[in-house]
Amino acid sequence: MTTEAAIRVQGIEKSFKDLHVLRGVDFDVRAGSIFALLGSNGAGKTTLVRILSTLLKADAGTATVHGFDVAAEPGDVRESISLTGQFAAVDEVLTGRENLVLVARLRHLENPGAIADDLLARFSLTEAGNRKASTYSGGMRRRLDIAMSLIGNPPIIFLDEPTTGLDPQARIEVWQTVKDLAGQGTTVLLTTQYLDEAEQLADRIAILHKGTIIQNGTLSELKRLLPPAKVEYVEKQPSLEDVFLALVGDTDVSDTGGTDDDGRRTADDGRTDRAVPARKEAR
Ligand SMILES: Nc1ncnc2c1ncn2[C@@H]1O[C@H](COP(=O)(O)OP(=O)(O)O)[C@@H](O)[C@H]1O
Ligand SMILES: [Mg+2]
């Protein structure tokens, strides 16, 4: 399955009354890769993810997930995927471990406790496992959410805006989690409105705009669409760092006169040649 498309989307259309959200969307996602669907708020990312995860029917077009048609074989599709929505589905009253055990039980899996412990370890949540999820940071909660969605080892996972609303540290944690998943062979389709997220994570990036995919490629392919970088000369204002270093940087230089770095004799009137910038400019 490594060279086949794990997800194939062809001519998908979807309208809500007069609102034509998807106007013929096409793309393939290679098995084991991370594919980012990039689009602004309201572009139709969640609508597409809902169609691919069989929660919503398309008006036209076809899509297969793990080789199964989303319209004709929704049960098989559901067994092949997990979906982590934009808003964490964690039960706050339960501990992290209890959340995982609950999902494993709902999926009728054997040894739910062992499954929970394994996932807690994989997501660096072992220590926090017996604490209520309400005490978790945003990043821990989202990691638990993703861990819950992995129960049953689905080969394909959909992450709808996995880091929206997270602080920078939590985003980095989630990014690492997603990279680890793909490293273990899981196919990841994630949606994002953040350019840096797509840049950090994705093997391929597709831009959804006005109902269609307007670009689809690797990061370097997308970068090549723009003219080559131009060198521009910009007048640089000193930063606070420049000012700070100019003021304190030479404190080890003797102020009683001596030789400077070039071996020249410096002034012995109590000032060195390299004092604060204002003096330099005055010379
Ligand atoms: N069930 C629905 N009924 C009517 N309009 C909807 C429905 N779901 C989404 N929309 C509209 O479709 C557009 C795309 O929404 P969505 O797929 O959620 O975008 P995104 O996830 O990219 O922010 C938005 O304008 C949204 O208001
Ligand atoms: Mg959305």
# chains A, B, ... in the order shown; residues from 1 in each chain; ligands from 1
>>> residues_near_ligand(ligand="ligand 1", cutoff="7 Å", atoms="only C-alpha atoms and all ligand atoms", output="mmCIF file with N, CA and C atoms, in the first residue's frame")
data_model
loop_
_atom_site.group_PDB
_atom_site.id
_atom_site.type_symbol
_atom_site.label_atom_id
_atom_site.label_comp_id
_atom_site.auth_asym_id
_atom_site.auth_seq_id
_atom_site.Cartn_x
_atom_site.Cartn_y
_atom_site.Cartn_z
ATOM 1 N N PHE A 16 -24.129 24.177 0.501
ATOM 2 C CA PHE A 16 -25.158 24.335 1.528
ATOM 3 C C PHE A 16 -26.113 25.396 0.989
ATOM 4 N N LEU A 19 -24.742 28.300 -1.046
ATOM 5 C CA LEU A 19 -23.315 28.464 -0.760
ATOM 6 C C LEU A 19 -22.533 27.285 -1.331
ATOM 7 N N VAL A 21 -19.577 25.518 -1.417
ATOM 8 C CA VAL A 21 -18.354 25.467 -0.608
ATOM 9 C C VAL A 21 -17.245 24.719 -1.349
ATOM 10 N N GLY A 39 -6.089 26.308 4.164
ATOM 11 C CA GLY A 39 -7.120 27.217 3.681
ATOM 12 C C GLY A 39 -7.562 28.139 4.789
ATOM 13 N N SER A 40 -8.055 29.310 4.415
ATOM 14 C CA SER A 40 -8.469 30.254 5.450
ATOM 15 C C SER A 40 -9.769 29.780 6.094
ATOM 16 N N ASN A 41 -10.156 30.502 7.116
ATOM 17 C CA ASN A 41 -11.392 30.195 7.822
ATOM 18 C C ASN A 41 -12.561 30.203 6.844
ATOM 19 N N GLY A 42 -13.364 29.152 6.839
ATOM 20 C CA GLY A 42 -14.527 29.116 5.967
ATOM 21 C C GLY A 42 -14.235 28.610 4.567
ATOM 22 N N ALA A 43 -13.001 28.163 4.312
ATOM 23 C CA ALA A 43 -12.632 27.689 2.974
ATOM 24 C C ALA A 43 -13.321 26.375 2.618
ATOM 25 N N GLY A 44 -13.719 25.617 3.637
ATOM 26 C CA GLY A 44 -14.375 24.333 3.371
ATOM 27 C C GLY A 44 -13.564 23.129 3.817
ATOM 28 N N LYS A 45 -12.549 23.362 4.648
ATOM 29 C CA LYS A 45 -11.681 22.274 5.105
ATOM 30 C C LYS A 45 -12.458 21.244 5.925
ATOM 31 N N THR A 46 -13.213 21.733 6.902
ATOM 32 C CA THR A 46 -13.973 20.811 7.753
ATOM 33 C C THR A 46 -15.030 20.085 6.938
ATOM 34 N N THR A 47 -15.646 20.786 5.994
ATOM 35 C CA THR A 47 -16.644 20.152 5.131
ATOM 36 C C THR A 47 -16.021 18.974 4.398
ATOM 37 N N LEU A 48 -14.833 19.159 3.868
ATOM 38 C CA LEU A 48 -14.166 18.076 3.135
ATOM 39 C C LEU A 48 -13.806 16.924 4.068
#
>>> residues_around(residues="Thr191 in chain A", least_positions_apart="5", cutoff="9 Å", atoms="only C-alpha atoms", output="list of chain:residue names")
A:Phe35, A:Ala36, A:Leu37, A:Leu38, A:Gly39, A:Lys45, A:Thr46, A:Val49, A:Phe158, A:Leu159, A:Asp160, A:Glu161, A:Pro162, A:Ala198
>>> closest_residue(among="A:Ile51, A:Leu144, A:Leu240, A:Val77", to="Arg97 in chain A", atoms="only C-alpha atoms")
A:Leu144
>>> closest_residue(among="A:Gln200, A:Gln237, A:Thr84, A:Gln176", to="ligand 2", atoms="only C-alpha atoms and all ligand atoms")
A:Thr84
>>> residues_around(residues="Gly75 in chain A", least_positions_apart="5", cutoff="12 Å", atoms="only C-alpha atoms", output="list in words")
Ser53, Thr54, Leu55, Val65, His66, Phe68, Asp69, Val70, Ser80 and Ile81 of chain A
>>> residues_around(residues="Glu199 in chain A", least_positions_apart="6", cutoff="12 Å", atoms="only C-alpha atoms", output="list of chain:residue names")
A:Ile34, A:Phe35, A:Ala36, A:Leu37, A:Leu38, A:Trp175, A:Thr192, A:Gln193, A:Ile205, A:Ala206, A:Gly217, A:Thr218, A:Leu219, A:Ser220, A:Glu221, A:Leu222, A:Lys223
>>> select_by_dssp(residues="range 35-211 of chain A", states="helix (DSSP H, G or I)", output="short mmCIF file (atom, residue, chain, number, x, y, z; two decimals) with C-alpha atoms, in the first residue's frame")
data_model
loop_
_atom_site.label_atom_id
_atom_site.label_comp_id
_atom_site.auth_asym_id
_atom_site.auth_seq_id
_atom_site.Cartn_x
_atom_site.Cartn_y
_atom_site.Cartn_z
CA LYS A 45 -11.68 22.27 5.10
CA THR A 46 -13.97 20.81 7.75
CA THR A 47 -16.64 20.15 5.13
CA LEU A 48 -14.17 18.08 3.14
CA VAL A 49 -12.93 16.20 6.21
CA ARG A 50 -16.53 15.42 7.14
CA ILE A 51 -17.14 14.03 3.64
CA LEU A 52 -13.98 11.91 3.78
CA PRO A 74 -18.86 3.99 4.69
CA GLY A 75 -18.52 1.23 7.29
CA ASP A 76 -15.18 0.09 5.88
CA VAL A 77 -13.98 3.68 5.68
CA ARG A 78 -14.86 4.27 9.32
CA GLU A 79 -12.89 1.21 10.37
CA SER A 80 -9.84 2.56 8.56
CA GLY A 96 -6.36 10.67 30.98
CA ARG A 97 -6.11 6.94 31.49
CA GLU A 98 -9.87 6.57 32.06
CA ASN A 99 -10.55 8.45 28.83
CA LEU A 100 -8.39 5.99 26.93
CA VAL A 101 -9.86 2.93 28.66
CA LEU A 102 -13.36 4.19 27.87
CA VAL A 103 -12.64 4.46 24.14
CA ALA A 104 -10.93 1.05 24.07
CA ARG A 105 -14.02 -0.46 25.77
CA LEU A 106 -16.35 1.28 23.30
CA PRO A 112 -8.24 -1.78 27.49
CA GLY A 113 -5.94 -1.04 30.44
CA ALA A 114 -2.86 -2.21 28.57
CA ILE A 115 -3.87 -0.22 25.49
CA ALA A 116 -4.32 2.87 27.65
CA ASP A 117 -0.93 2.45 29.32
CA ASP A 118 0.79 1.96 25.99
CA LEU A 119 -0.73 5.13 24.55
CA LEU A 120 0.02 7.14 27.69
CA ALA A 121 3.66 6.13 27.30
CA ARG A 122 3.74 6.91 23.57
CA ALA A 133 -8.02 15.75 32.19
CA SER A 134 -9.38 19.07 33.49
CA THR A 135 -5.94 19.69 35.03
CA GLY A 138 -3.89 22.61 26.18
CA GLY A 139 -1.09 20.62 24.59
CA MET A 140 -1.56 17.64 26.91
CA ARG A 141 -5.28 17.63 26.25
CA ARG A 142 -4.82 17.69 22.50
CA ARG A 143 -2.23 14.92 22.76
CA LEU A 144 -4.68 12.85 24.78
CA ASP A 145 -7.33 13.58 22.16
CA ILE A 146 -5.04 12.32 19.40
CA ALA A 147 -4.07 9.29 21.52
CA MET A 148 -7.78 8.46 21.95
CA SER A 149 -8.29 8.63 18.22
CA PRO A 168 3.38 27.96 20.93
CA GLN A 169 4.84 25.30 23.23
CA ALA A 170 1.73 23.10 22.92
CA ARG A 171 1.77 23.48 19.13
CA ILE A 172 5.33 22.18 19.02
CA GLU A 173 4.31 19.20 21.18
CA VAL A 174 1.44 18.36 18.84
CA TRP A 175 3.67 18.78 15.78
CA GLN A 176 6.11 16.27 17.25
CA THR A 177 3.25 13.87 17.91
CA VAL A 178 2.07 14.15 14.31
CA LYS A 179 5.60 13.61 12.98
CA ASP A 180 5.97 10.52 15.17
CA LEU A 181 2.69 9.13 13.84
CA ALA A 182 3.75 9.51 10.25
CA GLY A 183 7.14 8.03 11.17
CA LEU A 195 1.31 28.46 6.99
CA ASP A 196 4.05 27.57 9.46
CA GLU A 197 2.21 24.42 10.48
CA ALA A 198 1.98 23.20 6.90
CA GLU A 199 5.61 24.17 6.40
CA GLN A 200 6.76 22.31 9.51
CA LEU A 201 4.80 19.12 9.06
#
>>> residues_around(residues="Ile156 in chain A", least_positions_apart="4", cutoff="9 Å", atoms="only C-alpha atoms", output="PyMOL selection string")
chain A and resi 6-7+31-32+65-66+80-83+186-189
>>> select_by_dssp(residues="range 18-98 of chain A", states="strand (DSSP E)", output="NGL selection string")
:A and (19-30 or 34-38 or 60-65 or 68-69 or 81-84)
>>> write_last_selection(atoms="C-alpha atoms", output="PDB file, in the first residue's frame")
ATOM      1  CA  LEU A  19     -23.315  28.464  -0.760  1.00  0.00           C
ATOM      2  CA  HIS A  20     -21.020  26.456  -3.072  1.00  0.00           C
ATOM      3  CA  VAL A  21     -18.354  25.467  -0.608  1.00  0.00           C
ATOM      4  CA  LEU A  22     -16.568  22.754  -2.623  1.00  0.00           C
ATOM      5  CA  ARG A  23     -16.599  23.157  -6.406  1.00  0.00           C
ATOM      6  CA  GLY A  24     -14.662  20.149  -7.621  1.00  0.00           C
ATOM      7  CA  VAL A  25     -11.849  19.171  -5.292  1.00  0.00           C
ATOM      8  CA  ASP A  26      -9.158  16.737  -6.481  1.00  0.00           C
ATOM      9  CA  PHE A  27      -6.091  15.374  -4.750  1.00  0.00           C
ATOM     10  CA  ASP A  28      -4.337  12.164  -3.717  1.00  0.00           C
ATOM     11  CA  VAL A  29      -2.613  11.443  -0.434  1.00  0.00           C
ATOM     12  CA  ARG A  30       0.216   8.943  -0.528  1.00  0.00           C
ATOM     13  CA  ILE A  34       1.509  13.909   5.968  1.00  0.00           C
ATOM     14  CA  PHE A  35      -0.778  15.943   3.732  1.00  0.00           C
ATOM     15  CA  ALA A  36      -1.820  19.436   4.750  1.00  0.00           C
ATOM     16  CA  LEU A  37      -4.988  21.000   3.463  1.00  0.00           C
ATOM     17  CA  LEU A  38      -4.332  24.680   3.868  1.00  0.00           C
ATOM     18  CA  ALA A  60     -20.911  15.142  -6.690  1.00  0.00           C
ATOM     19  CA  GLY A  61     -17.550  13.463  -7.179  1.00  0.00           C
ATOM     20  CA  THR A  62     -15.975  10.412  -5.599  1.00  0.00           C
ATOM     21  CA  ALA A  63     -13.548   9.775  -2.809  1.00  0.00           C
ATOM     22  CA  THR A  64     -11.836   6.635  -1.601  1.00  0.00           C
ATOM     23  CA  VAL A  65     -10.172   6.215   1.754  1.00  0.00           C
ATOM     24  CA  PHE A  68     -12.981   2.138   0.152  1.00  0.00           C
ATOM     25  CA  ASP A  69     -15.536   4.430  -1.446  1.00  0.00           C
ATOM     26  CA  ILE A  81      -9.777   6.068   9.981  1.00  0.00           C
ATOM     27  CA  SER A  82      -9.868   8.191  13.042  1.00  0.00           C
ATOM     28  CA  LEU A  83     -10.984  11.763  13.208  1.00  0.00           C
ATOM     29  CA  THR A  84      -9.774  14.345  15.679  1.00  0.00           C
TER      30      THR A  84
END
>>> closest_residue(among="A:Lys236, A:Glu241, A:Gly185, A:Ala128", to="Pro154 in chain A", atoms="only C-alpha atoms")
A:Gly185
>>> atom_distance(atom1="CA of Tyr194 in chain A", atom2="CA of Ala88 in chain A")
18.4 Å
>>> closest_residue(among="A:Leu225, A:Val93, A:Leu190, A:Ile157", to="ligand 2", atoms="only C-alpha atoms and all ligand atoms")
A:Leu190
>>> closest_residue(among="A:Gly249, A:Pro238, A:Gly85, A:Gly67", to="ligand 2", atoms="only C-alpha atoms and all ligand atoms")
A:Gly85
>>> atom_distance(atom1="CA of Thr95 in chain A", atom2="CA of Ser124 in chain A")
14.6 Å
>>> atom_distance(atom1="CA of Ser137 in chain A", atom2="CA of Val90 in chain A")
12.3 Å
>>> closest_residue(among="A:Thr164, A:Asp91, A:Glu110, A:Pro227", to="ligand 2", atoms="only C-alpha atoms and all ligand atoms")
A:Thr164
